[in-house]
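See structure below.
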Amino acid sequence: MSPPDIGAKFNKITWKENISYKFNDGLLAYETISTGFRGGGLNAVNNPFEPIPAAFGPDQLTNFEVGFKGRLLQGLLDYQVDAYFIRWDNIQVQETTPDGAFPFQGNAGTAHVKGFEYELTSRPIQYLTVNFSGSYQDATLAHGASENQYMNNPTLGRTGDSIPNVPKFQLDVGVNYTRPIYGDWDGMLAVDANYRGRVNAYFASNLEFNLPPLSSYTLVNLQAGVKSQDDRLRVYLWGKNVTNRFYVNNVVELEDDVIRYTGRPITYGISVGYSFQ
């Protein structure tokens, strides 16, 4: 597909369909078909020596999903599991110029994304809630660059390449303890850990440009505070990435040097909220 004109306009009707069936109070099955659309945009074309497209086009997807949700052990465990297949057309991805030196936003072909996800919520004792969720997904180019296109620009994705920045595995674990502490006030202490699997920043066929994969990492967050039992006033102390884990979000090769964009280090603060309703 040729890059769109910088004055192009993008629009599309999106829709969603859902059917569910409740077997009993503890089990519900459902299926969903939905569509999505994202408009195109402009690239910062400031290098006269490289053919960077002035604009990139819209992408769209169709999602097919089936799943179950319910409750077990007399309400002590809530669960939800689902499997899905996504067709993603004209996907917006980060590309580079033929020498791998300058990144820009472009459009690839068609991708197929297959996977499943789950979420478990347990209340083993009074005031304590434990959440455990995760996903597995396999995202690959079903229709990538042709042989001629790849010869002209070897940074393009080829059929069978994994989609950049889509981890196969993700896991989240959270623990929340909230209980009355004085009068109409509740105290809360929560911790959660988020795992993101290893990914490539570019298509697999681009690795000849010495762009290393992005390693997996786990981030731990904390939160503690008080709130009124009518939920009108909330005061929380919070910390993100409290282990100060070093992790990389993206890599770019520029003049034979690999530039790494790192994630946010340990961050902490205080949040105060009040509802007038």
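Numbering starts fresh at 1 for the residues of each chain in the structure tokens, the chains themselves are lettered A, B, ... in the order given, and ligands are numbered from 1 as they appear.
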
TODO: Find the residues near Gly263 of chain A: any atom within 12 Å, counting only C-alpha atoms, skip ones fewer than 3 places away on the same chain, and give them as a list in words.
DONE: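 My reading of the contact set: Leu214, Tyr217, Thr218, Leu219, Lys240, Asn241, Asn244, Arg245, Phe246, Tyr247, Val248, Asn249, Asn250, Val251, Arg260, Ile266 and Thr267 of chain A.
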
- [ ] Return as an MDAnalysis selection string the full set of residues in segment 39-265 of chain A whose backbone-based DSSP assignment is alpha helix (DSSP H).
- [x] chainID A and resid 147:152

- [ ] Counting only C-alpha atoms, figure out which residue out of A:Val166, A:Glu95, A:Ser20, A:Lys227 gets nearest to Pro51 of chain A.
- [x] A:Glu95

- [ ] Select, from A:Tyr136, A:Ile13, A:Gly239, A:Ala108, the residue with the minimum atom-to-atom distance to Tyr150 of chain A, counting only C-alpha atoms.
- [x]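 Checking each candidate against Tyr150 of chain A, we get A:Ala108 as the closest.
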
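Across A:Ile52, A:Val235, A:Ala83, A:Ala44, the tightest approach to Ala29 of chain A is made by A:Ala83 when counting only C-alpha atoms.
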
Task: Length of the atom CA of Val191 of chain A to atom CA of Gly115 of chain A vector [Å] - done: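 The value is 27.2 Å.
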
TODO: Once DSSP has gone over the backbone, tell me which residues of segment 127-232 of chain A are in strand (DSSP E or B), as a ChimeraX atom specification.
DONE: /A:128-143,162,169-182,185-196,199,214,217-228
